[in-house]
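Q: The following block contains the structure, expressed as structure tokens.
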Amino acid sequence: MPTTVTRLSSVRLASSLFESSFSSRPAVAASAPGRVNLIGEHTDYNGGPVLPVALERRTAVAAGVEDGWFFVSALDGTVRGVEIDRPLRRDWTDYLVGVVRELRAIGAAPPGARVAVASTLPIGAGLSSSAAITVAAAKALSLLAGRRLTPAQLIEVAYRAEHDQVGVGCGRMDQTIAAHGAPGTALLFETGSGAIQRVPFPGRLWVVETGVAHRLTEGYLDRRRAECERALELCRELWPGLAHLADLSTDDLPAVAARLPADLAARVRHVVTETFRTRLAADALARGDFGQLGWLLVEGHESLRVDYGSTIPEADAIVEFAMDHGAHGARLTGAGGGGSVVVLAPEDESARVLAEIAQGFRERFGREPVAWSTRAASGVRRETLRG
Ligand code: GLA
């Protein structure tokens, strides 16, 4: 299987793209990681817990002050002049425009900037490339304005840029791990209370890309979110004070099934059981019990497949091959409808497990999946520019 090893530094790429595009050196640079969510899918907009890990792969933003706004990405190398107050263009520049608008709202935007973006993250692979760019841009552009925002401010700017400006029905998981990631740890983030707790994750995990891109802006996540909001309204007829779907317990599910249409009851069942699994998974990880953790991941994948309708055959197959060949666990990660599978395997067995996954995938789908490994890495940071 082609395992892409990315030793390139996104900040070096962004900084040299800046120099070649603008014939000057950037004044500041910042980078933020992508993520895999170990478990806790579609719980972050339902008040439940999530358990993400920051990836070694990152997106870097290099910036310098300018009259007006000029953006360039390593994806195509074309400099675009952008008007912040004009309607969005429905391309990657929207994320930067969203960040600038939200920084302006808190008085933390520079008057204008040249901005270069480069990333070692695949786009549309369910690894949160959008939070990586918005969190890195919020950090770099606020530094350019002479401001040091707190992690909570960076998260809020990035979340509003994506949710309110670009219009994606996301929760706050991706921005939170992009800001708070730390080497050797996963993050248990209770989205209902806002509590965050680091859980040791010293090992490696594998990411197997399905090669099926998801585009959150096409409304899939919005539909699921709207279904959950409707389900919450109906549940409040039974439990008037209910704040979030994740506050229900598994004992409440028979009443939900009796009252709600079958598709909405299934969404609720996923959210409630996933909330339960995620807290158990955090405990299992803390104890180093990879057997139980892996089993919970597979249960979580099944719940996404049966109750949430968010898996795809390629992801189901990768999970099946992984489990047939000795992985601890595997699960589609991120919003779904495409994206990547996270695989946990004993490190000394991982090469064999990954080779078996590749062979099974090739036989079933006639192409090679891309896979790579990572350790838990750090969150957003200012980058030093080399002289
Ligand atoms: C996307 C969103 C997240 C979360 C996941 C599903 O990645 O950006 O906020 O809702 O989907 O768990």
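Letters for chains follow the order of the structure tokens (A, B, ...), residue numbers begin at 1 for each chain, and ligand numbers begin at 1 in the order shown.
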Excluding Pro111 of chain A and its own-chain neighbours fewer than 3 positions away, which residues fall within 10 Å of it when counting only C-alpha atoms? Please give them as a list in words.
A: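 Neighbouring residues, sequence-local ones excluded: Val65, Glu66, Asp67, Gly68, Trp69, Val100, Arg104, Ala108, Leu141, Leu144 and Ala145 of chain A.
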Q: Those same residues, written as a JSON list (two decimals), in the first residue's frame with N, CA and C atoms?
A:
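See selection.json below for the written result:
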```
[["chain", "number", "residue", "atom", "x", "y", "z"],
["A", 65, "VAL", "N", 1.88, 42.37, 6.46],
["A", 65, "VAL", "CA", 0.89, 43.45, 6.32],
["A", 65, "VAL", "C", 0.91, 44.01, 4.90],
["A", 66, "GLU", "N", -0.26, 44.41, 4.43],
["A", 66, "GLU", "CA", -0.42, 44.96, 3.07],
["A", 66, "GLU", "C", -1.67, 45.83, 3.05],
["A", 67, "ASP", "N", -1.77, 46.73, 2.07],
["A", 67, "ASP", "CA", -3.04, 47.43, 1.84],
["A", 67, "ASP", "C", -3.92, 46.46, 1.06],
["A", 68, "GLY", "N", -5.03, 46.08, 1.58],
["A", 68, "GLY", "CA", -5.89, 45.10, 0.88],
["A", 68, "GLY", "C", -5.50, 43.68, 1.27],
["A", 69, "TRP", "N", -6.23, 42.72, 0.66],
["A", 69, "TRP", "CA", -6.06, 41.31, 1.04],
["A", 69, "TRP", "C", -5.69, 40.47, -0.17],
["A", 100, "VAL", "N", -11.02, 36.60, 8.85],
["A", 100, "VAL", "CA", -10.79, 38.05, 8.90],
["A", 100, "VAL", "C", -12.03, 38.76, 9.44],
["A", 104, "ARG", "N", -12.08, 40.87, 12.87],
["A", 104, "ARG", "CA", -12.52, 42.27, 12.89],
["A", 104, "ARG", "C", -13.56, 42.50, 13.97],
["A", 108, "ALA", "N", -9.33, 42.38, 16.33],
["A", 108, "ALA", "CA", -8.02, 41.72, 16.31],
["A", 108, "ALA", "C", -7.53, 41.41, 14.90],
["A", 141, "LEU", "N", -2.92, 35.88, 11.77],
["A", 141, "LEU", "CA", -3.42, 37.23, 11.46],
["A", 141, "LEU", "C", -3.59, 38.07, 12.73],
["A", 144, "LEU", "N", -0.24, 39.29, 13.56],
["A", 144, "LEU", "CA", 0.12, 40.37, 12.65],
["A", 144, "LEU", "C", -0.51, 41.70, 13.11],
["A", 145, "ALA", "N", -1.67, 41.59, 13.77],
["A", 145, "ALA", "CA", -2.33, 42.79, 14.31],
["A", 145, "ALA", "C", -1.79, 43.14, 15.69]]
```
Q: Do you know which residues are within 9 Å of ligand 1 using only C-alpha atoms and all ligand atoms? Can you write them as a PyMOL selection string?
A: chain A and resi 37+39-46+50+126-128+130-131+159+162-163+168-175+216+221+225+333-336
Q: Write the residues of the preceding selection, restricted to N, CA and C atoms, as a compact mmCIF listing (two decimals), in the first residue's frame.
A:
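As written to disk, result.txt reads:
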```txt
# COMPACT_ATOMS: atom_id res chain seq x y z
N ASN A 37 -10.62 11.82 14.99
CA ASN A 37 -11.44 11.63 16.17
C ASN A 37 -11.43 10.14 16.46
N ILE A 39 -13.13 8.56 18.78
CA ILE A 39 -14.56 8.20 18.93
C ILE A 39 -15.31 9.41 19.50
N GLY A 40 -16.63 9.41 19.32
CA GLY A 40 -17.45 10.55 19.74
C GLY A 40 -17.83 11.30 18.46
N GLU A 41 -18.54 10.59 17.56
CA GLU A 41 -18.87 11.19 16.25
C GLU A 41 -20.28 11.72 16.27
N HIS A 42 -20.43 12.93 15.76
CA HIS A 42 -21.74 13.61 15.72
C HIS A 42 -22.31 13.82 17.12
N THR A 43 -21.44 13.86 18.10
CA THR A 43 -21.88 14.19 19.45
C THR A 43 -21.60 15.66 19.77
N ASP A 44 -20.68 16.31 19.01
CA ASP A 44 -20.27 17.66 19.45
C ASP A 44 -21.33 18.72 19.21
N TYR A 45 -22.29 18.47 18.32
CA TYR A 45 -23.39 19.42 18.20
C TYR A 45 -24.64 18.89 18.92
N ASN A 46 -24.43 17.87 19.76
CA ASN A 46 -25.53 17.33 20.57
C ASN A 46 -25.19 17.31 22.05
N VAL A 50 -16.30 14.07 22.93
CA VAL A 50 -15.51 13.64 21.76
C VAL A 50 -14.11 13.29 22.25
N GLY A 126 -11.69 13.97 5.70
CA GLY A 126 -12.29 13.80 7.03
C GLY A 126 -11.32 14.06 8.15
N LEU A 127 -10.26 14.83 7.87
CA LEU A 127 -9.20 15.04 8.86
C LEU A 127 -9.12 16.49 9.32
N SER A 128 -10.20 17.22 9.03
CA SER A 128 -10.35 18.56 9.57
C SER A 128 -9.36 19.57 9.01
N SER A 130 -10.25 22.04 7.37
CA SER A 130 -10.84 23.37 7.48
C SER A 130 -10.53 24.00 8.84
N ALA A 131 -10.58 23.23 9.92
CA ALA A 131 -10.23 23.82 11.23
C ALA A 131 -8.74 24.12 11.28
N TYR A 159 -14.35 28.77 14.78
CA TYR A 159 -15.68 28.14 14.72
C TYR A 159 -16.66 29.06 13.99
N GLU A 162 -16.12 29.21 10.22
CA GLU A 162 -16.62 28.06 9.46
C GLU A 162 -18.15 27.94 9.59
N HIS A 163 -18.65 28.10 10.79
CA HIS A 163 -20.07 27.85 11.03
C HIS A 163 -20.94 29.03 10.58
N VAL A 168 -21.12 26.00 7.46
CA VAL A 168 -21.07 24.55 7.67
C VAL A 168 -21.65 24.24 9.05
N GLY A 169 -22.54 23.25 9.12
CA GLY A 169 -23.19 22.94 10.40
C GLY A 169 -22.31 22.15 11.35
N CYS A 170 -21.07 22.60 11.55
CA CYS A 170 -20.13 21.85 12.39
C CYS A 170 -20.35 22.16 13.87
N GLY A 171 -19.78 21.33 14.74
CA GLY A 171 -19.69 21.64 16.17
C GLY A 171 -18.33 22.26 16.44
N ARG A 172 -17.86 22.16 17.72
CA ARG A 172 -16.59 22.81 18.06
C ARG A 172 -15.43 21.83 18.28
N MET A 173 -15.64 20.54 17.92
CA MET A 173 -14.57 19.57 18.17
C MET A 173 -13.27 19.92 17.44
N ASP A 174 -13.37 20.21 16.14
CA ASP A 174 -12.16 20.30 15.33
C ASP A 174 -11.31 21.51 15.72
N GLN A 175 -11.97 22.62 15.98
CA GLN A 175 -11.24 23.83 16.37
C GLN A 175 -10.60 23.63 17.75
N LEU A 216 -18.19 19.07 3.14
CA LEU A 216 -19.18 19.43 4.17
C LEU A 216 -20.07 20.57 3.70
N LEU A 221 -23.76 17.40 6.41
CA LEU A 221 -23.69 17.58 7.86
C LEU A 221 -24.87 18.44 8.34
N ARG A 225 -27.59 17.56 11.20
CA ARG A 225 -27.76 18.47 12.33
C ARG A 225 -29.23 18.89 12.46
N THR A 333 -13.71 7.99 10.69
CA THR A 333 -13.54 9.16 11.54
C THR A 333 -14.04 10.42 10.83
N GLY A 334 -14.55 11.37 11.58
CA GLY A 334 -15.01 12.63 10.99
C GLY A 334 -16.46 12.57 10.58
N ALA A 335 -16.87 13.54 9.76
CA ALA A 335 -18.29 13.72 9.46
C ALA A 335 -18.90 12.53 8.73
N GLY A 336 -18.12 11.83 7.91
CA GLY A 336 -18.63 10.67 7.18
C GLY A 336 -19.05 11.03 5.77
```
Q: Could you tell me, as JSON, numbers by chain, which residues of segment 123-237 of chain A DSSP assigns to alpha helix (DSSP H) when given the backbone?
A: {"A": [129, 130, 131, 132, 133, 134, 135, 136, 137, 138, 139, 140, 141, 142, 143, 144, 151, 152, 153, 154, 155, 156, 157, 158, 159, 160, 173, 174, 175, 176, 177, 178, 179, 180, 220, 221, 222, 223, 224, 225, 226, 227, 228, 229, 230, 231, 232, 233, 234, 235, 236, 237]}
Q: Kindly indicate which residue among A:Tyr308, A:Phe22, A:Phe276, A:Trp206 lies nearest to Ala327 of chain A, using only C-alpha atoms for the distances.
A: A:Trp206
